Structure formats: structure tokens, C-alpha cells
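Asks: Following this line is protein.txt, made up of compact mmCIF, C-alpha atoms:
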```
# COMPACT_ATOMS: atom_id res chain seq x y z
CA MET A 1 -76.80 -30.46 -23.49
CA ALA A 2 -76.46 -33.98 -24.80
CA MET A 3 -78.50 -34.53 -27.91
CA VAL A 4 -80.07 -37.88 -28.41
CA VAL A 5 -80.74 -39.51 -31.72
CA ASN A 6 -84.35 -40.25 -31.17
CA SER A 7 -85.09 -42.91 -33.64
CA ILE A 8 -83.72 -45.75 -35.64
CA ARG A 9 -84.80 -43.85 -38.69
CA GLU A 10 -82.70 -40.85 -37.79
CA ARG A 11 -79.68 -42.97 -37.11
CA THR A 12 -80.12 -44.77 -40.41
CA ILE A 13 -80.49 -41.53 -42.31
CA THR A 14 -77.40 -40.17 -40.60
CA GLU A 15 -75.35 -43.22 -41.30
CA ASN A 16 -76.21 -43.05 -44.97
CA SER A 17 -75.78 -39.41 -45.76
CA MET A 18 -73.28 -36.65 -45.51
CA VAL A 19 -75.15 -35.19 -42.60
CA ILE A 20 -72.92 -37.42 -40.53
CA LEU A 21 -70.06 -35.11 -41.41
CA LEU A 22 -72.05 -32.14 -40.17
CA GLN A 23 -72.70 -33.92 -36.92
CA GLY A 24 -68.98 -34.14 -36.49
CA LEU A 25 -68.90 -30.36 -36.44
CA GLN A 26 -70.31 -30.23 -32.94
CA GLY A 27 -68.31 -27.79 -30.89
CA GLU A 28 -66.75 -26.14 -33.91
CA VAL A 29 -67.29 -22.55 -34.90
CA THR A 30 -68.36 -22.25 -38.46
CA THR A 31 -70.52 -20.39 -40.93
CA VAL A 32 -73.85 -21.52 -42.30
CA ASP A 33 -75.13 -19.96 -45.50
CA LEU A 34 -78.87 -19.86 -45.71
CA ARG A 35 -80.87 -20.11 -48.86
CA ASN A 36 -82.21 -16.62 -48.37
CA GLU A 37 -78.72 -15.17 -48.70
CA SER A 38 -78.21 -14.56 -45.00
CA THR A 39 -75.38 -16.16 -43.05
CA ALA A 40 -74.89 -17.25 -39.50
CA ARG A 41 -71.55 -17.81 -37.82
CA GLY A 42 -71.41 -19.52 -34.47
CA ARG A 43 -70.57 -22.66 -32.54
CA VAL A 44 -72.34 -25.81 -33.61
CA VAL A 45 -74.42 -27.20 -30.79
CA ASN A 46 -76.14 -29.92 -32.74
CA VAL A 47 -77.02 -31.15 -36.20
CA ASP A 48 -79.81 -33.69 -36.52
CA ALA A 49 -80.56 -36.21 -39.22
CA PHE A 50 -82.71 -33.70 -41.09
CA MET A 51 -79.86 -31.23 -41.20
CA ASN A 52 -81.48 -28.86 -38.74
CA VAL A 53 -78.54 -26.93 -37.30
CA ARG A 54 -78.40 -25.40 -33.87
CA LEU A 55 -75.75 -22.76 -33.22
CA GLU A 56 -74.83 -20.70 -30.17
CA ASP A 57 -73.09 -17.34 -29.78
CA VAL A 58 -74.03 -16.42 -33.27
CA LEU A 59 -73.26 -13.48 -35.47
CA TYR A 60 -76.13 -13.36 -37.93
CA ARG A 61 -75.87 -11.33 -41.07
CA ASP A 62 -79.13 -10.85 -42.90
CA ARG A 63 -79.25 -10.52 -46.66
CA LEU A 64 -78.97 -6.77 -46.43
CA GLY A 65 -75.73 -7.13 -44.53
CA GLN A 66 -77.15 -6.13 -41.19
CA LEU A 67 -75.45 -7.81 -38.25
CA THR A 68 -77.20 -9.14 -35.18
CA GLN A 69 -75.94 -11.16 -32.28
CA LEU A 70 -78.01 -14.14 -31.31
CA GLN A 71 -77.51 -16.26 -28.24
CA ASP A 72 -79.03 -19.39 -29.72
CA LEU A 73 -80.10 -20.07 -33.26
CA PHE A 74 -81.92 -23.01 -34.79
CA ILE A 75 -81.91 -23.19 -38.57
CA THR A 76 -84.30 -25.55 -40.32
CA GLY A 77 -82.46 -27.92 -42.64
CA ARG A 78 -84.57 -26.92 -45.58
CA ASN A 79 -83.29 -23.37 -45.31
CA ILE A 80 -79.62 -24.21 -45.45
CA ARG A 81 -77.60 -23.79 -48.58
CA TYR A 82 -74.09 -24.44 -47.29
CA VAL A 83 -72.38 -25.39 -44.10
CA HIS A 84 -68.73 -24.43 -44.12
CA ILE A 85 -66.32 -27.06 -42.93
CA PRO A 86 -63.45 -25.50 -40.97
CA ASP A 87 -60.14 -25.85 -42.76
CA HIS A 88 -58.48 -27.63 -39.88
CA MET A 89 -60.93 -30.48 -39.92
CA ASP A 90 -59.99 -33.83 -41.38
CA ILE A 91 -63.15 -34.80 -43.19
CA MET A 92 -62.53 -38.51 -43.60
CA LYS A 93 -61.46 -38.93 -40.00
CA THR A 94 -64.53 -37.06 -38.83
CA ILE A 95 -66.86 -39.24 -40.85
CA GLU A 96 -65.13 -42.39 -39.66
CA SER A 97 -65.27 -41.43 -36.04
CA GLN A 98 -68.93 -40.44 -36.28
CA LEU A 99 -69.76 -43.79 -37.86
CA ALA A 100 -67.79 -45.55 -35.16
CA LYS A 101 -69.83 -43.80 -32.50
CA ILE A 102 -73.06 -44.97 -34.07
CA HIS A 103 -71.82 -48.51 -34.29
CA ARG A 104 -70.58 -48.42 -30.73
CA VAL A 105 -74.01 -47.36 -29.59
CA ARG A 106 -75.60 -50.08 -31.60
CA ASN A 107 -73.37 -52.73 -30.05
CA PHE A 108 -73.64 -51.49 -26.52
CA GLY A 109 -75.53 -53.83 -24.28
CA SER A 110 -75.84 -56.53 -26.89
CA GLU A 111 -74.50 -59.06 -24.41
CA GLY A 112 -76.16 -58.13 -21.23
CA GLY A 113 -79.75 -57.42 -22.15
CA GLY A 114 -80.96 -54.11 -23.39
CA ARG A 115 -81.40 -53.87 -27.11
CA LYS A 116 -81.12 -57.00 -29.16
CA GLU A 117 -79.82 -55.62 -32.36
CA PHE A 118 -78.27 -58.88 -33.44
CA ALA A 119 -80.32 -61.97 -32.99
CA LYS A 120 -77.32 -64.22 -32.90
CA LYS A 121 -75.16 -64.52 -29.82
CA THR A 122 -71.61 -63.49 -30.46
CA LYS A 123 -70.00 -66.15 -28.30
CA MET B 1 -102.33 -5.21 -41.74
CA VAL B 2 -102.72 -8.79 -40.70
CA LEU B 3 -106.20 -9.84 -39.81
CA LEU B 4 -106.33 -11.84 -36.64
CA LYS B 5 -108.76 -14.68 -36.63
CA ASN B 6 -110.72 -16.10 -33.80
CA LEU B 7 -108.93 -19.39 -33.43
CA HIS B 8 -108.58 -21.76 -30.55
CA PRO B 9 -105.37 -22.42 -28.69
CA PRO B 10 -104.10 -25.97 -29.05
CA THR B 11 -104.95 -28.29 -26.21
CA GLU B 12 -102.77 -31.25 -26.98
CA GLY B 13 -99.04 -31.63 -27.30
CA VAL B 14 -98.29 -28.21 -25.90
CA ARG B 15 -94.59 -28.34 -25.08
CA HIS B 16 -94.45 -24.82 -23.75
CA GLU B 17 -96.91 -22.10 -22.95
CA GLN B 18 -95.77 -18.58 -22.25
CA ALA B 19 -98.21 -15.97 -21.04
CA GLU B 20 -97.59 -12.24 -21.05
CA THR B 21 -95.87 -12.42 -24.37
CA THR B 22 -96.03 -9.61 -26.84
CA ALA B 23 -96.05 -10.53 -30.50
CA VAL B 24 -94.44 -8.22 -33.03
CA LEU B 25 -95.09 -9.15 -36.62
CA ASP B 26 -92.87 -7.49 -39.23
CA GLY B 27 -92.36 -4.63 -36.86
CA GLN B 28 -96.00 -4.30 -35.92
CA ARG B 29 -96.94 -4.82 -32.30
CA LEU B 30 -99.97 -7.05 -32.03
CA GLY B 31 -100.36 -6.68 -28.30
CA CYS B 32 -99.89 -8.96 -25.35
CA GLY B 33 -100.97 -12.56 -25.32
CA THR B 34 -99.93 -16.15 -24.80
CA LEU B 35 -97.54 -18.13 -26.95
CA TYR B 36 -98.28 -21.82 -27.39
CA VAL B 37 -95.47 -24.03 -28.60
CA ALA B 38 -97.34 -27.17 -29.56
CA GLU B 39 -96.18 -30.18 -31.48
CA THR B 40 -98.55 -29.47 -34.34
CA ARG B 41 -98.15 -25.75 -34.71
CA LEU B 42 -96.90 -22.57 -33.11
CA SER B 43 -99.69 -20.23 -32.01
CA TRP B 44 -100.18 -16.97 -30.29
CA PHE B 45 -103.45 -15.57 -28.92
CA ASP B 46 -104.29 -12.39 -27.12
CA SER B 47 -106.77 -12.16 -24.29
CA SER B 48 -109.74 -11.69 -26.60
CA GLY B 49 -108.94 -14.91 -28.41
CA LEU B 50 -107.60 -13.35 -31.57
CA GLY B 51 -104.33 -14.65 -32.83
CA PHE B 52 -102.45 -16.57 -35.45
CA SER B 53 -100.76 -19.88 -35.91
CA LEU B 54 -97.76 -21.05 -37.84
CA GLU B 55 -96.96 -24.41 -39.33
CA TYR B 56 -93.46 -25.61 -38.51
CA PRO B 57 -92.50 -26.45 -42.08
CA SER B 58 -92.94 -22.78 -42.87
CA ILE B 59 -90.54 -21.66 -40.16
CA GLY B 60 -87.06 -21.05 -41.49
CA LEU B 61 -85.29 -20.38 -38.25
CA HIS B 62 -85.78 -19.25 -34.71
CA ALA B 63 -83.39 -17.70 -32.24
CA ILE B 64 -82.92 -16.07 -28.88
CA SER B 65 -81.93 -12.46 -29.27
CA ARG B 66 -80.37 -10.76 -26.30
CA ASP B 67 -78.72 -8.09 -28.39
CA VAL B 68 -80.50 -4.95 -27.23
CA SER B 69 -78.61 -2.83 -29.69
CA ALA B 70 -80.37 -4.65 -32.49
CA TYR B 71 -83.77 -4.75 -30.82
CA PRO B 72 -84.46 -3.12 -27.45
CA GLN B 73 -86.06 -6.14 -25.81
CA GLU B 74 -84.76 -9.67 -25.36
CA HIS B 75 -87.02 -11.90 -27.40
CA LEU B 76 -87.59 -15.05 -29.37
CA TYR B 77 -87.10 -14.33 -33.05
CA VAL B 78 -88.89 -16.43 -35.62
CA MET B 79 -88.39 -16.17 -39.35
CA VAL B 80 -91.19 -17.54 -41.45
CA ASN B 81 -90.87 -18.36 -45.14
CA GLY B 82 -93.48 -16.45 -47.04
CA LYS B 83 -95.99 -13.93 -45.93
CA LEU B 84 -98.96 -14.48 -43.68
CA ASN B 85 -102.02 -14.10 -45.83
CA SER B 86 -105.44 -13.22 -44.54
CA GLU B 87 -105.97 -16.84 -43.60
CA ASN B 88 -103.07 -16.47 -41.21
CA GLU B 89 -101.27 -19.48 -42.52
CA ALA B 90 -97.82 -18.72 -43.81
CA GLU B 91 -97.41 -19.65 -47.43
CA MET B 92 -94.42 -21.57 -48.64
CA ALA B 93 -91.89 -19.40 -50.35
CA GLU B 94 -92.19 -20.77 -53.87
CA LYS B 95 -94.47 -18.05 -55.16
CA ALA B 96 -93.68 -15.10 -53.05
CA ALA B 97 -94.23 -11.43 -53.03
CA ASP B 98 -91.61 -8.75 -53.07
CA ASP B 99 -88.62 -9.66 -50.96
CA ASP B 100 -88.73 -6.46 -49.00
CA ASP B 101 -88.53 -7.06 -45.28
CA ASP B 102 -90.50 -4.02 -44.28
CA GLY B 103 -93.79 -5.48 -43.35
CA SER B 104 -95.74 -5.27 -46.56
CA SER B 105 -98.25 -7.96 -45.94
CA ASP B 106 -99.96 -8.31 -49.29
CA GLY B 107 -99.00 -11.75 -50.42
CA GLY B 108 -100.58 -11.57 -53.80
CA ASP B 109 -97.73 -10.57 -56.09
CA ASP B 110 -96.05 -13.13 -58.22
CA ASP B 111 -92.48 -12.07 -58.23
CA GLU B 112 -90.60 -15.28 -59.02
CA ASP B 113 -87.82 -13.74 -57.01
CA GLU B 114 -86.28 -14.49 -53.61
CA GLY B 115 -88.74 -15.84 -51.10
CA ALA B 116 -90.48 -13.28 -48.98
CA ILE B 117 -90.17 -13.71 -45.27
CA THR B 118 -92.09 -12.69 -42.22
CA GLU B 119 -90.22 -11.73 -39.09
CA ILE B 120 -91.96 -12.35 -35.81
CA ARG B 121 -90.67 -11.45 -32.39
CA PHE B 122 -92.16 -12.94 -29.28
CA VAL B 123 -91.26 -10.76 -26.33
CA PRO B 124 -92.04 -12.44 -23.02
CA SER B 125 -92.23 -10.40 -19.89
CA ASP B 126 -90.23 -13.18 -18.24
CA LYS B 127 -86.89 -13.08 -20.05
CA ALA B 128 -85.68 -16.15 -18.22
CA ALA B 129 -88.27 -18.16 -20.12
CA LEU B 130 -86.55 -17.58 -23.44
CA GLU B 131 -84.41 -20.72 -23.21
CA SER B 132 -87.45 -22.91 -22.57
CA MET B 133 -89.37 -21.30 -25.37
CA PHE B 134 -86.43 -21.79 -27.70
CA SER B 135 -85.86 -25.41 -26.71
CA ALA B 136 -89.52 -26.27 -27.04
CA MET B 137 -89.49 -24.85 -30.55
CA CYS B 138 -86.38 -26.85 -31.42
CA GLU B 139 -88.08 -30.03 -30.30
CA CYS B 140 -91.26 -29.31 -32.22
CA GLN B 141 -89.38 -28.22 -35.32
CA ALA B 142 -87.52 -31.52 -35.33
CA LEU B 143 -90.88 -33.30 -35.46
CA HIS B 144 -91.53 -31.79 -38.86
CA PRO B 145 -88.73 -32.77 -41.19
CA ASP B 146 -88.85 -31.49 -44.71
CA PRO B 147 -91.09 -33.74 -46.77
CA GLU B 148 -89.81 -32.30 -50.03
CA ASP B 149 -86.25 -33.36 -49.48
CA ASP B 150 -85.38 -35.31 -52.59
CA ASP B 151 -81.82 -36.04 -51.58
CA SER B 152 -82.28 -38.36 -48.70
CA ASP B 153 -83.89 -41.65 -49.32
CA ASN B 154 -86.08 -41.81 -46.27
CA ASP B 155 -87.39 -45.21 -47.00
CA PHE B 156 -85.41 -46.90 -44.28
CA GLU B 157 -88.24 -48.32 -42.28
CA GLY B 158 -88.20 -51.82 -43.63
CA GLU B 159 -85.28 -53.91 -42.64
CA GLU B 160 -83.76 -52.57 -39.54
CA TYR B 161 -84.59 -54.16 -36.23
CA ASP B 162 -87.08 -52.45 -34.07
CA VAL B 163 -85.89 -51.49 -30.65
CA GLU B 164 -89.38 -50.64 -29.52
CA GLU B 165 -90.50 -54.09 -30.47
CA ALA B 166 -87.56 -55.56 -28.62
CA GLY B 167 -88.69 -53.49 -25.70
CA GLU B 168 -92.11 -55.01 -25.77
CA HIS B 169 -90.59 -58.44 -25.49
CA GLY B 170 -89.73 -57.88 -21.90
CA HIS B 171 -87.02 -55.31 -21.85
CA ALA B 172 -88.87 -52.50 -20.23
CA ASP B 173 -85.95 -50.26 -19.64
CA ILE B 174 -84.76 -49.22 -23.01
CA PRO B 175 -81.83 -47.05 -22.23
CA THR B 176 -81.42 -43.68 -23.83
CA PHE B 177 -78.76 -43.74 -26.45
CA TYR B 178 -76.26 -41.08 -27.23
CA THR B 179 -74.16 -40.82 -30.29
CA CYS B 180 -71.80 -38.10 -29.28
CA ASP B 181 -68.92 -37.61 -26.93
CA GLU B 182 -71.10 -35.84 -24.44
CA GLY B 183 -73.25 -38.90 -24.24
CA LEU B 184 -70.32 -41.23 -23.81
CA SER B 185 -68.96 -39.09 -21.04
CA ALA B 186 -72.40 -39.18 -19.45
CA LEU B 187 -71.87 -42.84 -18.76
CA THR B 188 -71.50 -43.73 -15.13
CA GLN B 189 -68.34 -45.40 -14.01
CA GLU B 190 -70.15 -48.67 -14.13
CA GLY B 191 -71.42 -47.89 -17.59
CA GLN B 192 -67.95 -46.99 -18.75
CA ALA B 193 -66.58 -50.24 -17.37
CA THR B 194 -69.34 -52.19 -19.06
CA LEU B 195 -68.66 -50.48 -22.34
CA GLU B 196 -64.99 -51.32 -22.15
CA ARG B 197 -65.69 -54.90 -21.19
CA LEU B 198 -68.12 -55.36 -24.07
CA GLU B 199 -65.79 -53.82 -26.56
CA GLY B 200 -63.08 -56.12 -25.32
CA MET B 201 -65.37 -59.09 -25.67
CA LEU B 202 -66.29 -58.08 -29.17
CA ALA B 203 -62.69 -57.77 -30.16
CA GLU B 204 -62.04 -61.20 -28.67
CA SER B 205 -64.89 -62.88 -30.41
CA VAL B 206 -64.10 -61.38 -33.77
CA ALA B 207 -62.54 -64.61 -34.97
CA GLN B 208 -65.96 -66.20 -34.89
CA GLN B 209 -67.58 -63.36 -36.76
CA TYR B 210 -68.08 -63.09 -40.43
CA HIS B 211 -65.11 -61.81 -42.29
CA MET B 212 -67.06 -61.22 -45.43
CA ALA B 213 -66.13 -57.61 -45.79
CA GLY B 214 -69.66 -56.54 -46.43
CA VAL B 215 -70.86 -59.45 -48.52
CA ARG B 216 -73.71 -61.22 -46.84
CA THR B 217 -74.12 -64.92 -47.27
CA GLU B 218 -77.38 -66.76 -46.86
CA GLU B 219 -76.33 -67.71 -43.39
CA THR B 220 -75.88 -64.16 -42.33
CA LYS B 221 -79.19 -63.24 -43.84
CA ALA B 222 -80.99 -65.62 -41.59
CA GLU B 223 -79.25 -64.41 -38.50
CA PHE B 224 -79.31 -60.72 -39.08
CA GLU B 225 -82.74 -59.29 -39.55
CA ASP B 226 -81.54 -55.83 -40.25
CA GLY B 227 -79.57 -54.48 -43.12
CA MET B 228 -77.13 -52.60 -41.00
CA GLU B 229 -74.57 -55.25 -40.34
CA VAL B 230 -71.34 -54.09 -38.87
CA ASP B 231 -68.24 -55.89 -39.87
CA THR B 232 -66.64 -56.36 -36.50
CA ALA B 233 -63.44 -57.66 -38.02
CA ALA B 234 -63.11 -54.30 -39.65
CA MET B 235 -63.71 -52.66 -36.32
CA GLU B 236 -60.94 -54.59 -34.73
CA ALA B 237 -58.53 -53.79 -37.52
CA GLY B 238 -59.50 -50.18 -37.24
CA GLN B 239 -60.69 -50.02 -40.81
CA PHE B 240 -64.03 -49.00 -41.91
CA GLU B 241 -66.41 -50.87 -44.15
CA ASP B 242 -68.97 -48.45 -45.30
CA ALA B 243 -69.78 -50.86 -48.07
CA ASP B 244 -71.82 -52.84 -45.58
CA VAL B 245 -74.81 -50.70 -46.07
CA GLU B 246 -77.25 -52.07 -48.55
CA HIS B 247 -80.32 -50.03 -48.11
CA TRP B 248 -80.68 -48.74 -51.56
```
Show the structure stored in the file as C-alpha cells.

Replies:
Amino acid sequence: MAMVVNSIRERTITENSMVILLQGLQGEVTTVDLRNESTARGRVVNVDAFMNVRLEDVLYRDRLGQLTQLQDLFITGRNIRYVHIPDHMDIMKTIESQLAKIHRVRNFGSEGGGRKEFAKKTK
Amino acid sequence: MVLLKNLHPPTEGVRHEQAETTAVLDGQRLGCGTLYVAETRLSWFDSSGLGFSLEYPSIGLHAISRDVSAYPQEHLYVMVNGKLNSENEAEMAEKAADDDDDGSSDGGDDDEDEGAITEIRFVPSDKAALESMFSAMCECQALHPDPEDDDSDNDFEGEEYDVEEAGEHGHADIPTFYTCDEGLSALTQEGQATLERLEGMLAESVAQQYHMAGVRTEETKAEFEDGMEVDTAAMEAGQFEDADVEHW
């Protein structure tokens, strides 16, 4: 399911915070530590600008250590303490490529109509 | 024992409504009713009109559970920060009661300890509806970002261009934008070709762009209304100027 950045505000927040790194985790399997001492390990489906994290195929361990399997899990950003970055990930490259995607979107269609993000013509 | 109040189901902004849904609150079955996933709040009411509602900022997480070894019925699991008091509004977890999960519903104790939580399970008779219920909750939850987040400076409204405004000036079809690989691969062949052509054009025209490496001159200020200037020279060279951003 393709997730859309719904607003300029979200894109701006993303571009200016480390959440952009978390967005680069899409498709990765990782662990999220919640503030209430529980943890969730699963595949990252989406992370939005407010650090809400959606995971699938999750193994959820509550703070008593009890394990449950969850098909889909949405964790509110406010409740997250840590998101583990998989060891194999190159953090700088991930951030750079995420930023590049945002800028590519912003420039798309600037010539042929659509959004006029830059008032000046580039030619 | 949670007292159910006689409240009214929401009428506006209901993203999903699921009838024949049993609500189980901290292990206690409340009976069968209808779940309303509305943009303003999450509510559940039984046939006599008794029910409860939850504010999204108080919801910590929600999930689809199909693990019948953990709980015998497939259901939508919702974890609420705090305990539901007799007003049926979940309190924020700052001053919370005992952190025991076992359904003690007296929210009066001042424990200064871990936040208490309330576990709610919505068990629809139609298990196939779980995905829609879950997605609707995701959408509504995203409408209520954390207002207490001190870290992010959310004051970004000012300088950036306004696409909606641009839309009002005659561009009725504002395309949906994606910022991930899935979105890029969702481009049609024509779209892909256009993207490549535009990127090629940008690379070509870079010589006429500003090579200021993030420093904006007066001239650029006049031309670029927003504060999010991209240094296209940097793009061509494959570098990255994150120093361009001057929002704070």
C-alpha cells in the first residue's frame, strides 16, 4: 500500500528531522521499543512525519514478557521510545536517498504544469 | 466496573462503522454493539445507546490480532494510555493508577509510576472487516499528532509555497504525490518517461541555476517564495546540501 505524504507540513517536518531516517526503514524488519516497556518486532510498513509507525507480521512482547503475534500494528509516535536501526543499514545513505526522493517529488511537473513550486522558469 | 453513558454516535467524519462488534474492556465483555471510527473520536455503542468514546491522543497503539492462541477470537486490539474513569474519557498517563493490567478500573490512585493502560478488544462478527477497521483507525490517528511534542518545531507553515493555492489558480488536477519507491513505481510508463525527461532537463539547465551552495542572495529571495530551495547543482553533482534549509 503506497503511503502518501499528505501535506506540505508533513513533508517539511520530515525533511527537517530524523524521522526521515525512520521512513527509510520501510520494508525492513526491526524492533520498536515502546515507552511502556513493551516491544514490537516486525516489518516496517510506514512511518509518518509524526513518527507513527506501522508494522506488519509483528511479534509483540508486553512489559510482562508475554508474546503475542499481531498481523498489523500501528504505534502512535508519542508512545515510542526507540526504533532500532538494523545493523546492515547505511544511515547516511538512507537519509540522503530519502531527501532525494522528497526533492524529486517537489521538482516533478515543475515544467509542464502541475505544482508550481518555483515561481521562476528554469530555462 | 465501567459505567456506560448514554452518548450519541458521531454523525460526521465517520471513516468506518462496524456493526455486530463486541467490545471487551480489560477483559470484561460489554456486549455487542457498533464501532464508529470517526475522525474526531473512536466510539462504541450497544443497541440501547450505552457506550464509550476514546480520544485518539489517548490511544497508544492499535493492532489486528489473528493469533487465536493469545485470544480466541480475531479482533482489533486497542491500547489506551490511562484508565477510563467514570466519565468514560481516557485520562492521559501522567498521573496514573497502579500499572496492573488486570482490569482494575479505579483511576484515582496517584502512583507516579508507569502509566496505567486500558486494553480494549473489538471483536467483529465479520472478521474480514478487520483490515478496514484497522486502516480507518490509522487514518484517524494520523489526524491527531502529538501536540506535546517539544522536539519538532512544527512552525513550518509560513514560508513554503502552497500547493492548494496553486491549485486554485487553475490547476484543478493536483496529482497525488508519493515519496517512496512504491509511489515511483506506481508511475505509468508515460509518467516514468516524463520524470526522466524532466530530470534530464534539470540537469541540463543546472548551469543557469544558482550555485550558491545554500546561501540565498536577494535575487533568489525574490524568485523563491519558499524557504525550501534545492540546490540543483548539488543534485547534479550527486552531493547533498542539507544546509539549504533555513526554517529555524

Asks: Which residues come within 10 Å of Ile80 (chain A), counting only C-alpha atoms, excluding same-chain residues fewer than 5 positions away, as a PyMOL selection string?

Replies: (chain A and resi 32-39+51-53+75) or (chain B and resi 60-61)

Asks: Write a file of the selected residues as a PDB file, keeping the file's coordinate frame, keeping C-alpha atoms.

Replies:
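Everything below was put into out.pdb:
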```pdb
ATOM      1  CA  VAL A  32     -73.850 -21.520 -42.300  1.00  0.00           C
ATOM      2  CA  ASP A  33     -75.130 -19.960 -45.500  1.00  0.00           C
ATOM      3  CA  LEU A  34     -78.870 -19.860 -45.710  1.00  0.00           C
ATOM      4  CA  ARG A  35     -80.870 -20.110 -48.860  1.00  0.00           C
ATOM      5  CA  ASN A  36     -82.210 -16.620 -48.370  1.00  0.00           C
ATOM      6  CA  GLU A  37     -78.720 -15.170 -48.700  1.00  0.00           C
ATOM      7  CA  SER A  38     -78.210 -14.560 -45.000  1.00  0.00           C
ATOM      8  CA  THR A  39     -75.380 -16.160 -43.050  1.00  0.00           C
ATOM      9  CA  MET A  51     -79.860 -31.230 -41.200  1.00  0.00           C
ATOM     10  CA  ASN A  52     -81.480 -28.860 -38.740  1.00  0.00           C
ATOM     11  CA  VAL A  53     -78.540 -26.930 -37.300  1.00  0.00           C
ATOM     12  CA  ILE A  75     -81.910 -23.190 -38.570  1.00  0.00           C
TER      13      ILE A  75
ATOM     14  CA  GLY B  60     -87.060 -21.050 -41.490  1.00  0.00           C
ATOM     15  CA  LEU B  61     -85.290 -20.380 -38.250  1.00  0.00           C
TER      16      LEU B  61
END
```

Asks: May I ask which of the residues A:Ile95, A:Thr76, A:His88, A:Glu10 is the closest one to chain B, counting only C-alpha atoms?

Replies: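 Of the candidates, the smallest distance to chain B is held by A:Thr76.
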
Asks: Would you mind listing what lies within 10 Å of region 133-146 of chain B as a PyMOL selection string, with all atoms listed in the file counted and same-chain residues fewer than 4 positions away left out?

Replies: (chain A and resi 48-54+72-79) or (chain B and resi 13-18+35-42+55-64+75-78+122+124+128-129+150)

Asks: For a quick check of understanding, using only C-alpha atoms, which of A:Ala100, A:Leu67, A:Met89, A:Leu59 has the smallest distance to Gly27 (chain A)?

Replies: A:Met89

Asks: Mind pulling up the distance from CA of Gly33 (chain B) to CA of Phe45 (chain B)?

Replies: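 Rounded to one decimal, the two atoms are 5.3 Å apart.
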
Asks: Can you measure CA of Val58 (chain A) to CA of Gln73 (chain B) for me? One decimal in Å is fine.

Replies: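 A separation of 17.5 Å between them.
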
Asks: Go ahead and compute the interatomic distance for CA of Leu22 (chain A) and CA of Ser65 (chain B), in Å to one decimal.

Replies: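 Value for the CA of Leu22 (chain A)-CA of Ser65 (chain B) distance: 24.6 Å.
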
Asks: If we count all atoms listed in the file and set the cut-off at 10 Å, which residues sit around His8 (chain B), ignoring sequence neighbours fewer than 6 positions away in its own chain? Please answer as number ranges by chain.

Replies: B: 43-45, 49-53

Asks: Choose the residue, out of A:Val105, A:Val47, A:Leu25, A:Val83, that has the smallest atom-to-atom separation from chain B; count all atoms listed in the file.

Replies: A:Val105

Asks: Just the residues within 6 Å of Thr94 (chain A), please, counting all atoms listed in the file, with nothing from its chain fewer than 3 positions along; format it as a list of chain:residue names.

Replies: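 Result of the neighbour search: A:Gly24, A:Ile91, A:Ser97.
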
Asks: Out of B:Gly31, B:Gly115, B:Pro10, B:Gly200, which residue has the shortest atom-to-atom distance to chain A when counting all atoms listed in the file?

Replies: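 Nearest candidate to chain A out of B:Gly31, B:Gly115, B:Pro10, B:Gly200: B:Gly115.
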
Asks: Considering all atoms listed in the file, can you say which of B:Asp46, B:Pro9, B:Leu195, B:Glu119 comes closest to chain A?

Replies: B:Leu195

Asks: Would you pull region 35-46 of chain A out of the block just shown and save N, CA and C atoms as an mmCIF file, in the first residue's frame?

Replies:
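The resulting file, result36.cif, is reproduced below:
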```cif
data_model
loop_
_atom_site.group_PDB
_atom_site.id
_atom_site.type_symbol
_atom_site.label_atom_id
_atom_site.label_comp_id
_atom_site.auth_asym_id
_atom_site.auth_seq_id
_atom_site.Cartn_x
_atom_site.Cartn_y
_atom_site.Cartn_z
ATOM 1 N N ARG A 35 7.344 3.177 25.083
ATOM 2 C CA ARG A 35 7.624 3.839 26.356
ATOM 3 C C ARG A 35 7.066 3.070 27.542
ATOM 4 N N ASN A 36 6.130 2.192 27.281
ATOM 5 C CA ASN A 36 5.583 1.419 28.402
ATOM 6 C C ASN A 36 6.315 0.103 28.595
ATOM 7 N N GLU A 37 7.529 0.034 28.093
ATOM 8 C CA GLU A 37 8.394 -1.131 28.306
ATOM 9 C C GLU A 37 8.037 -2.344 27.449
ATOM 10 N N SER A 38 7.052 -2.225 26.587
ATOM 11 C CA SER A 38 6.804 -3.353 25.692
ATOM 12 C C SER A 38 7.612 -3.146 24.409
ATOM 13 N N THR A 39 7.742 -4.210 23.628
ATOM 14 C CA THR A 39 8.479 -4.102 22.371
ATOM 15 C C THR A 39 7.682 -4.751 21.266
ATOM 16 N N ALA A 40 7.942 -4.301 20.061
ATOM 17 C CA ALA A 40 7.272 -4.883 18.911
ATOM 18 C C ALA A 40 8.310 -5.098 17.822
ATOM 19 N N ARG A 41 8.366 -6.293 17.292
ATOM 20 C CA ARG A 41 9.311 -6.576 16.211
ATOM 21 C C ARG A 41 8.523 -6.997 14.987
ATOM 22 N N GLY A 42 8.769 -6.291 13.886
ATOM 23 C CA GLY A 42 8.044 -6.634 12.668
ATOM 24 C C GLY A 42 8.584 -5.843 11.499
ATOM 25 N N ARG A 43 7.917 -5.964 10.376
ATOM 26 C CA ARG A 43 8.362 -5.271 9.160
ATOM 27 C C ARG A 43 7.720 -3.892 9.113
ATOM 28 N N VAL A 44 8.534 -2.910 8.810
ATOM 29 C CA VAL A 44 8.032 -1.533 8.783
ATOM 30 C C VAL A 44 7.220 -1.317 7.517
ATOM 31 N N VAL A 45 5.973 -0.976 7.700
ATOM 32 C CA VAL A 45 5.112 -0.668 6.562
ATOM 33 C C VAL A 45 5.196 0.820 6.249
ATOM 34 N N ASN A 46 5.145 1.629 7.296
ATOM 35 C CA ASN A 46 5.197 3.066 7.067
ATOM 36 C C ASN A 46 5.547 3.818 8.347
#
```
